[in-house]
Every structure is written in C-alpha cells, then in structure tokens.
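Trainee: Next comes coords35.csv, CSV, C-alpha atoms:
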chain,number,residue,atom,x,y,z
A,1,MET,CA,29.0,16.5,-1.2
A,2,ALA,CA,26.5,16.8,-4.0
A,3,SER,CA,23.8,19.6,-3.8
A,4,ILE,CA,20.1,18.9,-3.8
A,5,ASP,CA,20.0,20.3,-7.3
A,6,GLN,CA,22.2,17.4,-8.4
A,7,GLU,CA,20.7,14.7,-6.4
A,8,LEU,CA,16.9,15.2,-6.8
A,9,VAL,CA,14.5,16.0,-9.5
A,10,LEU,CA,10.7,16.4,-9.2
A,11,LEU,CA,8.6,15.3,-12.2
A,12,THR,CA,5.1,16.8,-12.0
A,13,CYS,CA,2.8,15.0,-14.4
A,14,GLY,CA,-0.6,16.2,-15.8
A,15,ASP,CA,-2.5,17.4,-18.8
A,16,ARG,CA,-1.1,20.8,-19.4
A,17,PRO,CA,1.3,22.6,-21.7
A,18,VAL,CA,4.9,21.7,-21.1
A,19,ARG,CA,8.0,23.8,-21.3
A,20,ARG,CA,10.4,21.9,-23.5
A,21,PHE,CA,14.1,21.4,-22.8
A,22,PRO,CA,17.0,22.2,-22.5
A,23,PHE,CA,16.7,21.2,-18.9
A,24,HIS,CA,18.2,24.5,-17.6
A,25,GLY,CA,14.7,25.9,-18.0
A,26,SER,CA,13.5,23.9,-15.0
A,27,ARG,CA,12.0,25.8,-12.1
A,28,PRO,CA,11.6,25.3,-8.3
A,29,ALA,CA,8.5,23.3,-7.6
A,30,ALA,CA,6.9,26.2,-5.7
A,31,ARG,CA,6.3,27.9,-9.1
A,32,LEU,CA,4.5,25.0,-10.6
A,33,GLY,CA,1.5,25.1,-8.3
A,34,ARG,CA,-0.4,22.2,-6.7
A,35,VAL,CA,2.8,20.7,-5.4
A,36,PRO,CA,3.1,19.9,-1.6
A,37,GLY,CA,4.9,22.7,0.2
A,38,VAL,CA,7.6,20.5,1.6
A,39,LEU,CA,8.8,19.9,-2.0
A,40,ALA,CA,8.9,23.6,-2.9
A,41,HIS,CA,12.7,23.9,-3.0
A,42,VAL,CA,13.2,20.8,-5.3
A,43,PRO,CA,14.1,21.5,-8.9
A,44,ALA,CA,11.0,20.5,-10.9
A,45,VAL,CA,9.9,19.8,-14.5
A,46,ALA,CA,6.3,19.8,-15.7
A,47,LEU,CA,5.5,16.8,-17.9
A,48,PRO,CA,2.3,15.6,-19.6
A,49,ALA,CA,0.2,12.8,-18.2
A,50,ARG,CA,1.8,9.4,-18.7
A,51,PRO,CA,5.1,10.9,-20.0
A,52,GLY,CA,7.0,9.0,-22.7
A,53,LYS,CA,10.5,8.7,-23.9
A,54,ASP,CA,10.8,12.2,-25.3
A,55,ASP,CA,9.6,13.6,-22.1
A,56,VAL,CA,11.5,11.7,-19.5
A,57,ASP,CA,14.8,10.7,-21.1
A,58,PRO,CA,16.2,14.2,-21.5
A,59,VAL,CA,15.8,14.8,-17.8
A,60,LEU,CA,17.5,11.5,-16.9
A,61,LYS,CA,20.3,12.2,-19.4
A,62,GLU,CA,21.1,15.7,-18.4
A,63,ARG,CA,20.5,15.6,-14.6
A,64,GLU,CA,21.6,12.0,-13.8
A,65,PRO,CA,19.6,12.2,-10.5
A,66,ARG,CA,20.2,10.0,-7.5
A,67,ARG,CA,16.4,10.2,-6.7
A,68,VAL,CA,13.4,11.0,-8.9
A,69,ILE,CA,10.2,12.2,-7.2
A,70,VAL,CA,7.1,11.6,-9.3
A,71,HIS,CA,4.0,13.7,-8.5
A,72,GLY,CA,1.1,12.4,-10.5
A,73,ASP,CA,-1.2,9.3,-10.6
A,74,ASP,CA,-0.3,5.6,-10.7
A,75,ALA,CA,-0.1,5.6,-14.5
A,76,ASP,CA,2.4,8.4,-14.5
A,77,LEU,CA,4.6,6.6,-12.0
A,78,ALA,CA,4.5,3.5,-14.2
A,79,SER,CA,5.5,5.5,-17.3
A,80,VAL,CA,8.5,6.9,-15.5
A,81,LEU,CA,9.5,3.5,-14.3
A,82,VAL,CA,9.4,2.1,-17.8
A,83,ARG,CA,11.9,4.7,-18.9
A,84,LEU,CA,14.2,3.9,-16.1
A,85,LEU,CA,14.0,0.2,-17.1
A,86,ARG,CA,14.6,0.9,-20.7
A,87,ARG,CA,17.7,3.1,-19.9
A,88,GLU,CA,19.0,0.5,-17.4
A,89,LEU,CA,18.7,3.0,-14.6
A,90,LEU,CA,17.0,0.9,-12.0
A,91,HIS,CA,19.7,2.1,-9.5
A,92,VAL,CA,17.9,5.5,-9.5
A,93,GLU,CA,15.7,5.9,-6.4
A,94,VAL,CA,12.1,6.6,-7.1
A,95,ALA,CA,9.7,8.4,-4.7
A,96,PHE,CA,6.0,8.7,-5.4
A,97,VAL,CA,3.7,11.5,-4.2
A,98,PRO,CA,0.2,10.8,-5.4
A,99,ALA,CA,-1.7,13.7,-6.9
A,100,VAL,CA,-5.0,11.8,-6.5
A,101,ARG,CA,-6.9,10.8,-3.4
A,102,ARG,CA,-7.1,7.1,-4.2
A,103,SER,CA,-3.8,5.5,-5.3
A,104,ALA,CA,-3.4,1.7,-5.7
A,105,VAL,CA,0.4,2.2,-5.4
A,106,ALA,CA,0.0,3.9,-2.0
A,107,MET,CA,-2.2,1.0,-0.9
A,108,ALA,CA,0.1,-1.7,-2.2
A,109,TRP,CA,3.2,-0.3,-0.7
A,110,GLU,CA,1.7,1.4,2.4
A,111,LEU,CA,2.8,4.9,1.6
A,112,PRO,CA,1.8,7.4,4.2
A,113,ARG,CA,-0.7,10.2,3.7
A,114,ASP,CA,2.3,12.6,4.0
A,115,ALA,CA,4.2,11.0,1.1
A,116,ALA,CA,5.9,14.2,0.2
A,117,ALA,CA,8.0,14.2,3.4
A,118,LEU,CA,8.9,10.6,2.9
A,119,ALA,CA,9.9,11.4,-0.7
A,120,LEU,CA,12.7,13.7,0.6
A,121,ASP,CA,14.2,11.7,3.4
A,122,GLY,CA,12.8,8.2,3.4
A,123,PRO,CA,14.8,5.1,2.6
A,124,ALA,CA,14.7,3.6,-0.9
A,125,ARG,CA,14.1,-0.2,-0.6
A,126,PRO,CA,14.5,-2.9,-3.2
A,127,THR,CA,11.0,-3.6,-4.5
A,128,PRO,CA,9.9,-6.3,-6.9
A,129,LEU,CA,9.5,-5.0,-10.5
A,130,ILE,CA,6.5,-6.5,-12.1
A,131,ARG,CA,6.5,-6.3,-15.9
A,132,ASP,CA,4.0,-7.4,-18.5
A,133,ASP,CA,4.5,-8.9,-22.0
A,134,ALA,CA,3.2,-5.7,-23.6
A,135,GLY,CA,6.2,-3.7,-22.5
A,136,GLY,CA,4.6,-2.1,-19.4
A,137,VAL,CA,5.0,-2.5,-15.7
A,138,LEU,CA,2.6,-3.0,-12.8
A,139,VAL,CA,3.1,-0.6,-9.9
A,140,GLY,CA,-0.3,-0.6,-8.3
A,141,ARG,CA,-3.3,-2.5,-9.8
A,142,GLY,CA,-4.2,-4.4,-12.9
A,143,VAL,CA,-7.6,-5.6,-13.8
A,144,VAL,CA,-8.6,-8.3,-16.3
A,145,ARG,CA,-12.3,-8.1,-17.2
A,146,ASP,CA,-14.6,-10.6,-18.8
A,147,VAL,CA,-12.2,-13.5,-18.6
A,148,GLU,CA,-13.2,-16.8,-20.2
A,149,GLY,CA,-10.4,-19.2,-19.9
A,150,GLU,CA,-7.7,-20.1,-17.4
A,151,ALA,CA,-5.2,-18.3,-15.2
A,152,TYR,CA,-2.2,-19.6,-13.3
A,153,CYS,CA,0.0,-18.0,-10.7
A,154,ASP,CA,3.2,-20.1,-10.9
A,155,ASN,CA,1.7,-23.6,-10.5
A,156,THR,CA,-1.5,-22.5,-8.8
A,157,LEU,CA,-4.7,-22.6,-10.8
A,158,VAL,CA,-6.3,-19.2,-10.1
A,159,LEU,CA,-9.4,-19.5,-12.3
A,160,ARG,CA,-11.0,-21.7,-14.9
A,161,GLY,CA,-14.1,-20.8,-16.7
A,162,ARG,CA,-15.8,-17.4,-17.0
A,163,VAL,CA,-15.4,-14.6,-14.4
A,164,ARG,CA,-16.2,-10.9,-14.5
A,165,ARG,CA,-12.8,-9.8,-13.3
A,166,LEU,CA,-9.4,-10.8,-12.0
A,167,VAL,CA,-7.4,-8.2,-10.0
A,168,ALA,CA,-3.6,-8.3,-9.9
A,169,VAL,CA,-1.4,-6.3,-7.5
A,170,PRO,CA,2.4,-6.2,-6.9
A,171,GLY,CA,3.8,-6.9,-3.5
A,172,PRO,CA,6.9,-8.1,-1.6
A,173,GLY,CA,6.3,-11.7,-2.8
A,174,GLY,CA,6.0,-10.8,-6.4
A,175,VAL,CA,2.6,-10.5,-8.2
A,176,SER,CA,-0.7,-11.6,-6.6
A,177,ALA,CA,-4.1,-12.5,-7.8
A,178,LEU,CA,-6.6,-11.1,-5.3
A,179,PRO,CA,-9.5,-13.4,-4.2
A,180,GLY,CA,-12.8,-12.8,-5.9
A,181,LYS,CA,-15.8,-14.6,-7.2
A,182,GLY,CA,-14.4,-17.5,-9.2
A,183,VAL,CA,-10.8,-16.4,-8.5
A,184,ARG,CA,-8.4,-18.1,-6.1
A,185,ALA,CA,-5.9,-15.9,-4.3
A,186,ALA,CA,-2.2,-16.7,-5.1
A,187,THR,CA,1.2,-15.0,-5.1
A,188,GLY,CA,4.2,-15.9,-7.2
A,189,ARG,CA,6.7,-14.8,-9.8
A,190,ALA,CA,4.3,-14.9,-12.7
A,191,LEU,CA,0.6,-14.6,-13.3
A,192,GLN,CA,-0.5,-15.9,-16.7
A,193,ILE,CA,-3.9,-15.5,-18.2
A,194,GLY,CA,-5.3,-17.2,-21.3
A,195,SER,CA,-8.7,-16.4,-22.6
A,196,THR,CA,-11.0,-15.8,-25.6
A,197,GLY,CA,-10.0,-12.1,-25.5
A,198,ALA,CA,-10.2,-10.4,-22.1
A,199,ARG,CA,-10.1,-6.6,-21.5
A,200,ILE,CA,-7.0,-5.4,-19.7
A,201,GLU,CA,-6.7,-2.3,-17.5
A,202,VAL,CA,-3.4,-1.3,-15.9
A,203,GLU,CA,-3.2,1.6,-13.5
A,204,GLY,CA,-6.6,2.7,-14.7
A,205,VAL,CA,-5.6,2.8,-18.3
A,206,PRO,CA,-7.4,0.4,-20.7
A,207,HIS,CA,-5.2,-1.7,-23.1
A,208,PRO,CA,-6.2,-0.7,-26.6
A,209,ARG,CA,-7.5,-4.2,-27.7
A,210,PRO,CA,-8.7,-7.4,-26.2
A,211,ALA,CA,-5.9,-9.7,-25.2
A,212,PRO,CA,-6.1,-13.5,-25.6
A,213,ARG,CA,-3.0,-13.9,-23.5
A,214,TRP,CA,-1.5,-11.7,-20.8
A,215,THR,CA,1.3,-12.2,-18.3
A,216,TRP,CA,2.6,-10.3,-15.4
A,217,TYR,CA,6.0,-11.5,-14.2
A,218,ARG,CA,8.8,-10.5,-11.8
A,219,HIS,CA,11.8,-8.9,-13.5
A,220,THR,CA,15.2,-10.3,-12.7
A,221,ALA,CA,16.2,-7.0,-11.0
A,222,ASP,CA,14.3,-4.9,-8.4
A,223,TRP,CA,13.6,-1.2,-8.5
A,224,LEU,CA,14.3,1.2,-5.6
A,225,LEU,CA,11.0,2.6,-4.2
A,226,VAL,CA,11.1,5.1,-1.4
A,227,ARG,CA,8.7,3.5,1.2
A,228,PRO,CA,8.4,2.9,4.9
Represent the structure contained in this file as structure tokens.

Mentor:
Amino acid sequence: MASIDQELVLLTCGDRPVRRFPFHGSRPAARLGRVPGVLAHVPAVALPARPGKDDVDPVLKEREPRRVIVHGDDADLASVLVRLLRRELLHVEVAFVPAVRRSAVAMAWELPRDAAALALDGPARPTPLIRDDAGGVLVGRGVVRDVEGEAYCDNTLVLRGRVRRLVAVPGPGGVSALPGKGVRAATGRALQIGSTGARIEVEGVPHPRPAPRWTWYRHTADWLLVRP
C-alpha cells in the first residue's frame, strides 16, 4: 500500500519567496505556517500566487501524486488545474482548501467550512471542466463587464444590447449565466459572448485587454474534485 508521502501533496500558494526544486526539499505542512492543523502531516511545497508551468510541473513529474491539495485562492486552484489539463493528468484528484474567507469555488461546489478534513478523506467526484478560449479554466466565477452585444448559452439568448455585467459560474450542468439586469439565466455546454470589447475577469483576475469575443465551454473530459 502506498504511503501518504506518495499519494498526497499539498501546494500552498501565496506571494512569498519559494524554495526551488529538487522536490526532496519539500517540508511537512506544519512548518509552512497558516495551514490548517489537520494537514500538518502532509508533504507540502510553497508556491507563488497563481503558479505556472515552472512551479507546478516539477511537482507533478517527480511525485506523481494520486491527490493534490491546493491551499490558496480560486485563481490558484485554476492555475493548478490548467497544468493538470496541459499534462493530461485529469485523473489526479484535486482537493481545494480556500485560504480566503469568500471563495466562489466553495460556493459553486458547496465545499464545507472545514474543507481541510474533506481534502484528506472526501470522495473525488467527476466535475465538469469549464475552459475558455484564452487557455484558462473557470472553477468558481467569471464576470464580463460593460457588455454591448449578444450572448448565447447553447441556443438560449442570454442578453442582447448593453448590460453592466454578466456573471458565469460552473456547475453540474456545465456553465451557467446567472440572472441579472438585462441577463437571462441559462445553463448549457457553452456560453458565448460577442461584444464591442467587454472587460473579462476570471476568479478575480482581470483579463489583460478588452475582448470582443469570449467563450466558456465544457471540456470533453471531467476533472476530479474532492467535494461532498
């Protein structure tokens, strides 16, 4: 039977100096601070906020974990999931322990307040993977601001004209547009927006430039999220 060292790895994400690899320099989570006590025995690596390829891939390559526990904010989780997608490792289970009070991921997937305990022993369930056409993923909440144009969720007209914002969230049925002023609620496999140049924000992170077109769509394969 594999040991916990082989099966689990905890990625703690935040703006602080990071000890680089080789991975054998990892430490128990208890020595990193600000990590829930129930995870104190789990081998952990400190990563920067919104970790990229050079941060995440060495961990995945050397450890080949069964389950990755991400301790950070929603954008950190999205960044790790992108790397799993790029490396074709969607069979790796992903647990999320929010390091912030308000997490759209926790709301979308009904994660309990004690997410750390769930991260260790909870079931990993197939979960729709929502991608976008800019190479990212949607795990909690996307906001399109200052929309002047049209949006469709599959064949449903979600908006036409000018609205201040459209909010998109993932869920069991795929991707949803939430109801709002000038916005009709709908759920489907794809949410497509065409506008004169809307401002996009995904997991609280602004897209670097206005986007005349934006699509969130369900990937052909699910990811494995640890959730009730």

Trainee: Find the spatial neighbours of segment 180-187 of chain A, counting all atoms listed in the file, within a cut-off of 9 Å - ignore same-chain residues fewer than 6 positions away - and output them as a PDB file with C-alpha atoms, keeping the file's coordinate frame.

Mentor:
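After the write, around.pdb holds the following:
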ATOM      1  CA  ALA A 151      -5.200 -18.300 -15.200  1.00  0.00           C
ATOM      2  CA  TYR A 152      -2.200 -19.600 -13.300  1.00  0.00           C
ATOM      3  CA  CYS A 153       0.000 -18.000 -10.700  1.00  0.00           C
ATOM      4  CA  ASP A 154       3.200 -20.100 -10.900  1.00  0.00           C
ATOM      5  CA  THR A 156      -1.500 -22.500  -8.800  1.00  0.00           C
ATOM      6  CA  LEU A 157      -4.700 -22.600 -10.800  1.00  0.00           C
ATOM      7  CA  VAL A 158      -6.300 -19.200 -10.100  1.00  0.00           C
ATOM      8  CA  LEU A 159      -9.400 -19.500 -12.300  1.00  0.00           C
ATOM      9  CA  ARG A 160     -11.000 -21.700 -14.900  1.00  0.00           C
ATOM     10  CA  GLY A 161     -14.100 -20.800 -16.700  1.00  0.00           C
ATOM     11  CA  ARG A 162     -15.800 -17.400 -17.000  1.00  0.00           C
ATOM     12  CA  VAL A 163     -15.400 -14.600 -14.400  1.00  0.00           C
ATOM     13  CA  ARG A 164     -16.200 -10.900 -14.500  1.00  0.00           C
ATOM     14  CA  ARG A 165     -12.800  -9.800 -13.300  1.00  0.00           C
ATOM     15  CA  LEU A 166      -9.400 -10.800 -12.000  1.00  0.00           C
ATOM     16  CA  VAL A 167      -7.400  -8.200 -10.000  1.00  0.00           C
ATOM     17  CA  GLY A 171       3.800  -6.900  -3.500  1.00  0.00           C
ATOM     18  CA  GLY A 173       6.300 -11.700  -2.800  1.00  0.00           C
ATOM     19  CA  GLY A 174       6.000 -10.800  -6.400  1.00  0.00           C
TER      20      GLY A 174
END

Trainee: Give me the segment 94-131 of chain A side of the contact with segment 57-67 of chain A, cut-off 9 Å, one line per residue showing its nearest atom pair and distance in Å at one decimal, counting only C-alpha atoms, sorted by chain and residue number, as a Markdown table.

Mentor:
| residue | atom | partner | partner_atom | distance |
| --- | --- | --- | --- | --- |
| A:Val94 | CA | A:Arg67 | CA | 5.6 |
| A:Ala95 | CA | A:Arg67 | CA | 7.2 |
| A:Ala119 | CA | A:Arg67 | CA | 8.9 |
| A:Leu120 | CA | A:Arg67 | CA | 8.9 |
| A:Ala124 | CA | A:Arg67 | CA | 8.9 |

Trainee: What does the distance between atom CA of His71 of chain A and atom CA of Arg50 of chain A come to in Å, to one decimal place?

Mentor: 11.3 Å

Trainee: What's the separation between atom CA of Glu7 of chain A and atom CA of Pro43 of chain A, in Å to one decimal place?

Mentor: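 For atom CA of Glu7 of chain A relative to atom CA of Pro43 of chain A, the distance reads 9.8 Å.
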
Trainee: Determine the nearest neighbour of Val42 of chain A from the options A:Gly149, A:Ala78, A:Pro212, A:Thr12, counting all atoms listed in the file.

Mentor: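 With all atoms listed in the file as the atom set, the closest residue is A:Thr12.
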
Trainee: If I take atom CA of Val97 of chain A and atom CA of Gly72 of chain A, how far is one from the other in Å, to one decimal?

Mentor: 6.9 Å

Trainee: With all atoms listed in the file as the basis for distance, which of A:Ala134, A:Arg189, A:Arg227, A:Val202 is at the shortest distance from Trp214 of chain A?

Mentor: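 Looking at the shortest contact to Trp214 of chain A, the residue is A:Ala134.
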
Trainee: With distances taken over all atoms listed in the file, which residue among A:Asp133, A:Glu203, A:Glu93, A:Asp114 lies nearest Trp216 of chain A?

Mentor: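 Closest residue, counting all atoms listed in the file: A:Asp133.
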
Trainee: Applying 9 Å and all atoms listed in the file, which residues near Arg131 of chain A remain after dropping the ones on its own chain fewer than 6 positions away? List them as a list in words.

Mentor: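 Skipping anything fewer than 6 positions along the chain leaves Val137, Leu138, Val139, Thr215, Trp216, Tyr217, Arg218 and His219 of chain A.
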
Trainee: Considering all atoms listed in the file, can you say which of A:Asp132, A:Pro206, A:Leu225, A:Arg87 comes closest to Ile69 of chain A?

Mentor: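 Among A:Asp132, A:Pro206, A:Leu225, A:Arg87, it is A:Leu225 that comes nearest to Ile69 of chain A.
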
Trainee: Determine the nearest neighbour of Arg101 of chain A from the options A:Ile200, A:Leu89, A:Ala115, A:Ile193, counting only C-alpha atoms.

Mentor: A:Ala115

Trainee: Which residue is closest to Ala211 of chain A? Choose from A:Gly136, A:Pro126, A:Pro112, A:Gly194 and count only C-alpha atoms.

Mentor: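 Among A:Gly136, A:Pro126, A:Pro112, A:Gly194, it is A:Gly194 that comes nearest to Ala211 of chain A.
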
Trainee: Would you list the contacts of Pro51 of chain A as a list in words, taking every protein, DNA or RNA residue within 7 Å and counting only C-alpha atoms, but skipping same-chain residues closer than 4 positions in sequence?

Mentor: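 Counting only the stated atoms, we get Leu47, Asp55, Val56, Asp76, Ser79 and Val80 of chain A.
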
Trainee: Write a file of the selected residues as a PDB file, in the coordinates of the input, keeping C-alpha atoms.

Mentor:
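File out.pdb, as written:
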ATOM      1  CA  LEU A  47       5.500  16.800 -17.900  1.00  0.00           C
ATOM      2  CA  ASP A  55       9.600  13.600 -22.100  1.00  0.00           C
ATOM      3  CA  VAL A  56      11.500  11.700 -19.500  1.00  0.00           C
ATOM      4  CA  ASP A  76       2.400   8.400 -14.500  1.00  0.00           C
ATOM      5  CA  SER A  79       5.500   5.500 -17.300  1.00  0.00           C
ATOM      6  CA  VAL A  80       8.500   6.900 -15.500  1.00  0.00           C
TER       7      VAL A  80
END

Trainee: List the spatial neighbours of Val169 of chain A as a list in words - criterion: any atom at most 8 Å away, all atoms listed in the file, same-chain residues fewer than 5 positions off excluded.

Mentor: Ala108, Leu138, Val139, Gly140, Arg141, Gly142, Val175, Ser176, Ala177 and Leu178 of chain A
